[in-house]
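Novice: Handing over run_22.txt, compact mmCIF, C-alpha atoms and all ligand atoms.
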# COMPACT_ATOMS: atom_id res chain seq x y z
CA MET A 1 50.03 -0.03 177.65
CA ASN A 2 47.73 2.53 176.02
CA ALA A 3 45.15 -0.06 175.04
CA PRO A 4 42.83 -0.03 178.10
CA ILE A 5 42.92 3.76 178.28
CA SER A 6 42.16 4.45 174.63
CA SER A 7 39.07 2.28 174.84
CA PHE A 8 35.69 4.02 174.66
CA THR A 9 34.03 1.26 176.67
CA PRO A 10 33.78 1.88 180.41
CA SER A 11 35.68 -0.82 182.26
CA VAL A 12 37.40 -1.62 185.53
CA LEU A 13 41.15 -0.96 185.19
CA ALA A 14 42.33 -1.96 188.67
CA GLU A 15 40.50 -3.36 191.65
CA SER A 16 41.25 -4.74 195.08
CA ALA A 17 39.62 -4.80 198.50
CA ALA A 18 41.09 -1.34 199.08
CA ALA A 19 40.00 0.61 196.03
CA ARG A 20 38.79 0.43 192.49
CA VAL A 21 39.86 2.46 189.44
CA SER A 22 37.66 2.36 186.38
CA LEU A 23 37.43 4.14 183.07
CA ALA A 24 34.40 6.38 182.67
CA ALA A 25 32.35 6.61 179.51
CA PRO A 26 33.37 9.46 177.20
CA CYS A 27 31.59 12.77 177.80
CA ALA A 28 31.59 16.27 176.39
CA ARG A 29 34.12 18.62 178.02
CA LEU A 30 33.93 22.34 177.40
CA SER A 31 36.53 24.82 178.62
CA LEU A 32 34.95 28.20 179.40
CA ARG A 33 36.82 31.46 179.95
CA VAL A 34 34.90 34.68 180.60
CA ARG A 35 35.32 37.89 182.61
CA GLY A 36 33.00 40.58 183.83
CA ASP A 37 29.28 40.22 184.37
CA PHE A 38 28.54 36.76 182.95
CA ALA A 39 24.90 36.58 184.03
CA PRO A 40 23.75 36.08 180.39
CA LEU A 41 25.89 32.92 180.26
CA ASN A 42 24.18 31.59 183.39
CA THR A 43 20.90 31.96 181.56
CA ALA A 44 22.30 30.31 178.43
CA LEU A 45 23.76 27.39 180.40
CA GLY A 46 20.76 27.04 182.66
CA LEU A 47 22.93 27.04 185.77
CA THR A 48 24.69 29.57 187.98
CA LEU A 49 28.42 29.44 187.38
CA PRO A 50 30.12 29.14 190.80
CA THR A 51 32.53 31.97 191.61
CA ARG A 52 34.68 30.39 194.33
CA ILE A 53 37.54 28.26 192.98
CA GLY A 54 36.74 24.58 193.55
CA GLN A 55 32.96 25.04 193.73
CA ARG A 56 30.64 23.12 191.44
CA ALA A 57 27.17 23.65 190.03
CA GLN A 58 24.91 21.19 188.32
CA SER A 59 21.80 21.44 186.24
CA GLY A 60 20.35 18.24 184.87
CA GLU A 61 23.32 16.34 183.46
CA THR A 62 25.50 19.43 182.92
CA GLN A 63 28.16 20.10 185.54
CA ALA A 64 30.38 23.13 185.97
CA LEU A 65 33.56 23.35 188.06
CA CYS A 66 35.22 26.69 188.81
CA LEU A 67 38.96 26.31 188.10
CA GLY A 68 40.15 29.91 188.30
CA PRO A 69 38.88 33.48 188.63
CA ASP A 70 37.74 33.43 184.98
CA GLU A 71 37.84 29.74 184.11
CA TRP A 72 35.37 26.84 184.29
CA MET A 73 35.22 23.25 183.07
CA LEU A 74 31.81 22.09 181.87
CA GLN A 75 30.95 18.42 181.51
CA ALA A 76 27.83 16.95 179.97
CA PRO A 77 26.69 13.92 177.97
CA GLU A 78 27.98 14.17 174.40
CA THR A 79 24.48 14.70 173.00
CA LEU A 80 23.98 17.90 175.03
CA ALA A 81 27.19 19.69 173.97
CA PRO A 82 25.97 21.12 170.62
CA GLY A 83 22.93 22.67 172.32
CA THR A 84 25.09 24.16 175.07
CA GLN A 85 27.47 25.66 172.52
CA ALA A 86 24.63 27.08 170.43
CA ALA A 87 23.05 28.68 173.51
CA CYS A 88 26.36 30.30 174.48
CA ASP A 89 26.98 31.48 170.89
CA GLU A 90 23.69 33.41 171.15
CA VAL A 91 25.14 35.72 173.82
CA TYR A 92 28.61 36.00 172.26
CA GLY A 93 27.79 39.34 170.61
CA THR A 94 27.17 41.09 173.91
CA LEU A 95 29.38 38.93 176.14
CA PRO A 96 32.58 37.82 174.36
CA HIS A 97 33.92 34.61 175.86
CA SER A 98 35.91 31.53 174.98
CA LEU A 99 34.10 28.19 174.91
CA VAL A 100 36.29 25.43 173.54
CA ASP A 101 35.35 21.81 173.05
CA VAL A 102 38.18 19.80 174.65
CA SER A 103 36.26 16.52 174.84
CA GLY A 104 39.02 14.57 173.12
CA ARG A 105 41.75 15.87 175.40
CA GLU A 106 41.17 13.77 178.50
CA VAL A 107 40.00 10.49 179.89
CA THR A 108 38.25 10.17 183.24
CA PHE A 109 39.23 7.65 185.89
CA GLU A 110 36.60 6.87 188.51
CA ILE A 111 38.24 6.15 191.84
CA SER A 112 36.26 4.62 194.67
CA GLY A 113 36.49 2.14 197.52
CA PRO A 114 37.15 2.26 201.25
CA ARG A 115 40.73 3.49 200.81
CA ALA A 116 40.22 5.83 197.85
CA VAL A 117 41.52 8.80 199.86
CA ASP A 118 44.67 6.90 200.85
CA LEU A 119 45.18 5.93 197.23
CA LEU A 120 45.10 9.58 196.17
CA THR A 121 47.69 10.57 198.76
CA LEU A 122 50.24 8.54 196.76
CA GLY A 123 50.29 11.22 194.09
CA MET A 124 48.85 14.32 195.73
CA PRO A 125 50.98 16.81 197.67
CA ARG A 126 47.84 18.44 199.07
CA ASN A 127 45.47 16.71 201.47
CA PRO A 128 42.58 15.06 199.57
CA ASP A 129 40.35 15.84 202.54
CA SER A 130 40.87 19.57 201.88
CA ILE A 131 38.49 19.03 198.96
CA ALA A 132 34.96 18.81 200.31
CA VAL A 133 32.40 16.36 198.97
CA GLY A 134 30.63 18.02 196.05
CA GLU A 135 33.65 20.18 195.18
CA GLY A 136 36.56 19.73 192.80
CA ARG A 137 40.03 21.15 192.12
CA ARG A 138 42.75 21.22 189.53
CA ILE A 139 45.68 19.58 191.31
CA ASN A 140 49.15 18.15 190.92
CA PHE A 141 49.05 14.34 190.85
CA ASP A 142 52.51 12.76 190.63
CA GLY A 143 53.73 15.75 188.63
CA VAL A 144 50.73 15.78 186.29
CA THR A 145 48.05 18.47 186.25
CA VAL A 146 44.68 16.76 186.59
CA LEU A 147 41.12 17.69 187.57
CA LEU A 148 39.77 15.96 190.64
CA TRP A 149 36.03 15.89 191.30
CA ARG A 150 34.92 14.64 194.72
CA ASP A 151 31.48 13.05 194.40
CA GLY A 152 31.37 11.32 197.78
CA GLU A 153 33.45 10.58 200.90
CA SER A 154 35.29 7.89 198.92
CA ALA A 155 34.19 8.52 195.35
CA PHE A 156 36.28 10.64 193.02
CA ARG A 157 36.64 11.34 189.31
CA MET A 158 40.00 12.29 187.87
CA ASP A 159 40.31 13.87 184.42
CA VAL A 160 43.75 13.19 182.94
CA TRP A 161 45.19 14.31 179.61
CA HIS A 162 45.59 11.34 177.25
CA SER A 163 49.36 11.49 177.06
CA PHE A 164 49.70 11.39 180.85
CA ALA A 165 47.02 8.74 181.43
CA PRO A 166 49.30 5.65 181.23
CA HIS A 167 51.69 7.21 183.76
CA VAL A 168 48.90 8.11 186.18
CA LEU A 169 47.15 4.78 185.77
CA HIS A 170 50.37 2.91 186.45
CA LEU A 171 50.74 4.65 189.81
CA LEU A 172 47.06 4.03 190.66
CA GLU A 173 47.37 0.33 189.76
CA THR A 174 50.41 -0.02 192.01
CA GLY A 175 48.59 1.77 194.82
CA VAL A 176 45.46 -0.35 194.51
CA ARG A 177 47.58 -3.51 194.93
CA GLU A 178 49.80 -2.09 197.64
CA LEU A 179 46.94 -0.86 199.84
CA ALA A 180 45.28 -4.27 199.61
CA ALA A 181 48.51 -6.03 200.57
CA GLU A 182 48.83 -3.73 203.57
CA ALA A 183 45.35 -4.62 204.74
CA ALA A 184 45.94 -8.37 204.46
CA MET B 1 58.00 21.46 201.91
CA LEU B 2 56.98 25.11 201.81
CA LEU B 3 53.32 25.99 202.17
CA ILE B 4 52.19 28.88 199.98
CA HIS B 5 48.95 30.85 200.25
CA CYS B 6 47.34 31.40 196.86
CA PRO B 7 45.50 34.75 196.95
CA TYR B 8 43.09 33.58 194.23
CA CYS B 9 42.21 30.13 195.62
CA GLU B 10 42.40 31.52 199.19
CA GLU B 11 44.01 28.26 200.27
CA THR B 12 47.43 27.46 201.71
CA LEU B 13 48.88 24.66 199.59
CA PRO B 14 52.09 22.68 199.09
CA GLU B 15 54.90 24.26 197.09
CA ALA B 16 54.67 21.36 194.58
CA GLU B 17 51.56 22.99 193.09
CA PHE B 18 53.46 26.23 192.37
CA THR B 19 56.23 27.44 190.10
CA TYR B 20 58.61 30.33 190.77
CA ALA B 21 58.58 33.15 188.23
CA GLY B 22 61.33 35.61 189.15
CA GLN B 23 61.44 39.07 190.69
CA ALA B 24 58.15 40.97 190.93
CA HIS B 25 57.36 44.57 189.96
CA VAL B 26 59.81 44.64 187.03
CA ILE B 27 58.01 47.12 184.79
CA ARG B 28 58.38 46.92 181.04
CA PRO B 29 59.17 50.38 179.59
CA GLU B 30 56.29 52.13 177.81
CA ASP B 31 58.50 52.81 174.80
CA PRO B 32 61.02 49.94 174.47
CA SER B 33 62.69 51.33 171.35
CA GLY B 34 63.37 54.62 173.16
CA GLN B 35 65.56 52.85 175.73
CA SER B 36 69.34 53.07 175.74
CA ASP B 37 71.31 49.81 175.71
CA ASP B 38 72.13 50.29 179.38
CA GLN B 39 68.49 50.85 180.32
CA TRP B 40 67.44 47.80 178.31
CA GLN B 41 70.13 45.70 179.96
CA GLU B 42 68.91 46.89 183.33
CA PHE B 43 65.34 45.84 182.48
CA LEU B 44 66.27 42.45 181.06
CA PHE B 45 69.06 41.20 183.27
CA ILE B 46 69.65 43.21 186.43
CA ARG B 47 67.82 41.87 189.50
CA ALA B 48 67.94 42.82 193.18
CA ASN B 49 68.97 39.39 194.56
CA PRO B 50 68.58 40.54 198.18
CA LYS B 51 69.56 38.68 201.30
CA GLY B 52 66.27 38.97 203.19
CA PRO B 53 62.77 39.92 202.03
CA HIS B 54 62.36 39.53 198.28
CA TYR B 55 59.38 40.66 196.17
CA GLU B 56 58.85 37.84 193.70
CA ARG B 57 56.31 36.28 191.35
CA TRP B 58 54.86 32.80 191.71
CA ARG B 59 52.35 30.90 189.65
CA HIS B 60 49.75 28.46 190.95
CA PHE B 61 50.58 26.18 188.05
CA HIS B 62 48.77 22.98 189.17
CA GLY B 63 45.74 24.92 190.40
CA CYS B 64 44.05 28.13 189.33
CA GLY B 65 46.93 28.84 186.92
CA ARG B 66 47.29 32.42 188.15
CA PHE B 67 50.46 34.46 188.59
CA PHE B 68 50.60 36.35 191.88
CA ASN B 69 53.21 38.16 193.96
CA ALA B 70 54.85 37.21 197.22
CA VAL B 71 57.33 38.57 199.72
CA ARG B 72 59.67 35.79 200.82
CA ASP B 73 62.67 36.03 203.11
CA THR B 74 65.54 34.49 201.16
CA VAL B 75 67.38 33.60 204.39
CA SER B 76 64.61 31.81 206.29
CA ASP B 77 62.48 30.88 203.21
CA LYS B 78 59.49 32.22 205.16
CA PHE B 79 56.70 33.81 203.12
CA LEU B 80 55.80 37.18 204.69
CA THR B 81 52.76 37.63 202.46
CA THR B 82 51.24 36.86 199.08
CA TYR B 83 48.99 39.20 197.07
CA LYS B 84 47.21 39.34 193.74
CA ALA B 85 49.00 40.45 190.59
CA GLY B 86 48.42 44.16 190.00
CA ALA B 87 47.97 44.91 193.72
CA PRO B 88 50.34 47.55 195.14
CA ARG B 89 53.65 46.44 196.62
CA PRO B 90 53.03 46.02 200.39
CA ASP B 91 55.16 48.11 202.71
CA LEU B 92 57.94 46.00 204.19
CA SER B 93 57.72 47.48 207.69
CA SER B 94 54.09 46.34 207.95
CA LEU B 95 55.15 42.79 207.11
CA THR B 96 58.15 42.44 209.37
CA GLU B 97 56.56 44.04 212.44
CA GLY B 98 55.10 40.78 213.70
CA LEU B 99 58.49 39.04 213.38
CA LYS B 100 60.37 41.25 215.87
ZN ZN C 1 45.42 29.34 193.07
Rewrite the structure of this file - the entire thing - as structure tokens.
Specialist:
Amino acid sequence: MNAPISSFTPSVLAESAAARVSLAAPCARLSLRVRGDFAPLNTALGLTLPTRIGQRAQSGETQALCLGPDEWMLQAPETLAPGTQAACDEVYGTLPHSLVDVSGREVTFEISGPRAVDLLTLGMPRNPDSIAVGEGRRINFDGVTVLLWRDGESAFRMDVWHSFAPHVLHLLETGVRELAAEAA
Amino acid sequence: MLLIHCPYCEETLPEAEFTYAGQAHVIRPEDPSGQSDDQWQEFLFIRANPKGPHYERWRHFHGCGRFFNAVRDTVSDKFLTTYKAGAPRPDLSSLTEGLK
């Protein structure tokens, strides 16, 4: 059951006329915690860290999502992560912060298709439409804490911890089939 | 399902994203070893358990992760307000005025 999820090769995991769930290529994931005036970090990262929970910022291929009053998730191609960490280390002396590489912690499911929003409602207590396009949130999905990035009206990315991924994928697979059966 | 307003996210969200964390404003003594057994027992175990408005802690577990405080009526389950951790305890009369 773990086999398709542990793979490093992007692939389609479930697909029907209603929605498609696929595995994204691995990327670098950095967990950032900092308080106070973090302007020097903005300079180091080359982007302005958003301050409202759920907001995102992007610079080149580096993306930041505000998760809490002092917490952000950064995602970037694996090759960029060492440079990002080195740039942040430069300002550590004057602006102590926590920047932890958690790349190996999660896998990302890409969820798209005409009924992607309906698919998400199977596991989400909150309304998926309360997350605007271009935003993201940490949410409860079928009892599991996941990150949900909304890239388009019906295009989402969901970051799931490895140990929960088979459980979450199983629900998504069921939903993908069920929504297609409903439409038929 | 209850809807709870998170003062950090500034969103009103389903209870399933939150966890309950006991009575609020229970202050740990400055000098724990100077406490008598009775005082220590009071701090650890004795809670108000009111019938009516209760000052309590919640955590937005599947969200911003923050602890915050709330006033919830234990009879109706209605949340009278929520406020950030460290903010002063709101006066009850100001909360219940609108309910009369
Ligand atoms: Zn929150």
Novice: Report as a ChimeraX atom specification all protein, DNA and RNA residues lying within 10 Å of Trp40 (chain B), evaluated on all atoms listed in the file, omitting residues in the same chain fewer than 6 positions from it.
Specialist: /B:28-29,32-34,46
Novice: Compare A:Ser11, A:Asn42, A:Thr121, A:Asn140 by their minimum atom-to-atom distance to ligand ZN 1 (chain C), counting all atoms listed in the file, and give me the closest one.
Specialist: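 Among the listed residues, A:Asn140 lies closest to ligand ZN 1 (chain C).
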Novice: What are the closest atom pairs, with distances in Å to one decimal, for each residue of chain A lying within 10 Å of ligand ZN 1 (chain C), using only C-alpha atoms and all ligand atoms, rows by chain and rising residue number, as CSV?
Specialist:
residue,atom,partner,partner_atom,distance
A:Ile53,CA,C:ZN1,ZN,8.0
A:Gly54,CA,C:ZN1,ZN,9.9
A:Leu67,CA,C:ZN1,ZN,8.7
A:Gly68,CA,C:ZN1,ZN,7.1
A:Pro69,CA,C:ZN1,ZN,8.9
A:Arg137,CA,C:ZN1,ZN,9.9
A:Arg138,CA,C:ZN1,ZN,9.3
A:Ile139,CA,C:ZN1,ZN,9.9
Novice: Interatomic distance between CA of Thr79 (chain A) and CA of Thr62 (chain A)?
Specialist: 11.0 Å
Novice: Counting only C-alpha atoms, what is within 10 Å of Met124 (chain A), bar same-chain residues fewer than 3 positions away, as an MDAnalysis selection string?
Specialist: (chainID A and resid 118:121 127:128 139:144) or (chainID B and resid 14 16:17)
Novice: Would you list which chain B residues are within 12 Å of chain A using only C-alpha atoms, as a PDB file with C-alpha atoms, in the coordinates of the input?
Specialist:
ATOM      1  CA  MET B   1      58.000  21.460 201.910  1.00  0.00           C
ATOM      2  CA  LEU B   2      56.980  25.110 201.810  1.00  0.00           C
ATOM      3  CA  LEU B   3      53.320  25.990 202.170  1.00  0.00           C
ATOM      4  CA  ILE B   4      52.190  28.880 199.980  1.00  0.00           C
ATOM      5  CA  CYS B   6      47.340  31.400 196.860  1.00  0.00           C
ATOM      6  CA  PRO B   7      45.500  34.750 196.950  1.00  0.00           C
ATOM      7  CA  TYR B   8      43.090  33.580 194.230  1.00  0.00           C
ATOM      8  CA  CYS B   9      42.210  30.130 195.620  1.00  0.00           C
ATOM      9  CA  GLU B  10      42.400  31.520 199.190  1.00  0.00           C
ATOM     10  CA  GLU B  11      44.010  28.260 200.270  1.00  0.00           C
ATOM     11  CA  THR B  12      47.430  27.460 201.710  1.00  0.00           C
ATOM     12  CA  LEU B  13      48.880  24.660 199.590  1.00  0.00           C
ATOM     13  CA  PRO B  14      52.090  22.680 199.090  1.00  0.00           C
ATOM     14  CA  GLU B  15      54.900  24.260 197.090  1.00  0.00           C
ATOM     15  CA  ALA B  16      54.670  21.360 194.580  1.00  0.00           C
ATOM     16  CA  GLU B  17      51.560  22.990 193.090  1.00  0.00           C
ATOM     17  CA  PHE B  18      53.460  26.230 192.370  1.00  0.00           C
ATOM     18  CA  THR B  19      56.230  27.440 190.100  1.00  0.00           C
ATOM     19  CA  HIS B  60      49.750  28.460 190.950  1.00  0.00           C
ATOM     20  CA  PHE B  61      50.580  26.180 188.050  1.00  0.00           C
ATOM     21  CA  HIS B  62      48.770  22.980 189.170  1.00  0.00           C
ATOM     22  CA  GLY B  63      45.740  24.920 190.400  1.00  0.00           C
ATOM     23  CA  CYS B  64      44.050  28.130 189.330  1.00  0.00           C
ATOM     24  CA  GLY B  65      46.930  28.840 186.920  1.00  0.00           C
ATOM     25  CA  ARG B  66      47.290  32.420 188.150  1.00  0.00           C
ATOM     26  CA  PHE B  67      50.460  34.460 188.590  1.00  0.00           C
ATOM     27  CA  LYS B  84      47.210  39.340 193.740  1.00  0.00           C
TER      28      LYS B  84
END
Novice: Please measure the separation of CA of Asp129 (chain A) and CA of Asp159 (chain A), giving the value in Å to one decimal.
Specialist: 18.2 Å
Novice: Report the distance between CA of Glu182 (chain A) and CA of Ala14 (chain A) in Å, rounded to one decimal place.
Specialist: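 Answer for the CA of Glu182 (chain A) to CA of Ala14 (chain A) separation: 16.4 Å.
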Novice: Find the residues around Ala116 (chain A) up to 8 Å (all atoms listed in the file counted), leave out those fewer than 4 positions away in its own chain, and share them as a PyMOL selection string.
Specialist: chain A and resi 18-20+111-112+120+154-156
Novice: Write out as a list in words which residues come within 6 Å of Glu135 (chain A) when counting all atoms listed in the file, dropping same-chain ones fewer than 6 positions away.
Specialist: Gly54, Gln55, Arg56 and Arg150 of chain A
Novice: Contacts of Phe68 (chain B) at 7 Å or less, counting all atoms listed in the file, minus same-chain residues fewer than 4 places along, as a list in words?
Specialist: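 With the cut-off at 7 Å, the set is Arg57, Trp58, Arg59, Tyr83, Lys84 and Ala85 of chain B.
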Novice: Calculated over all atoms listed in the file, which of the candidates B:Ser76, B:Ser36, B:His25, B:Glu42 has the smallest distance to Pro90 (chain B)?
Specialist: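 Ranked by minimum distance to Pro90 (chain B), first place goes to B:His25.
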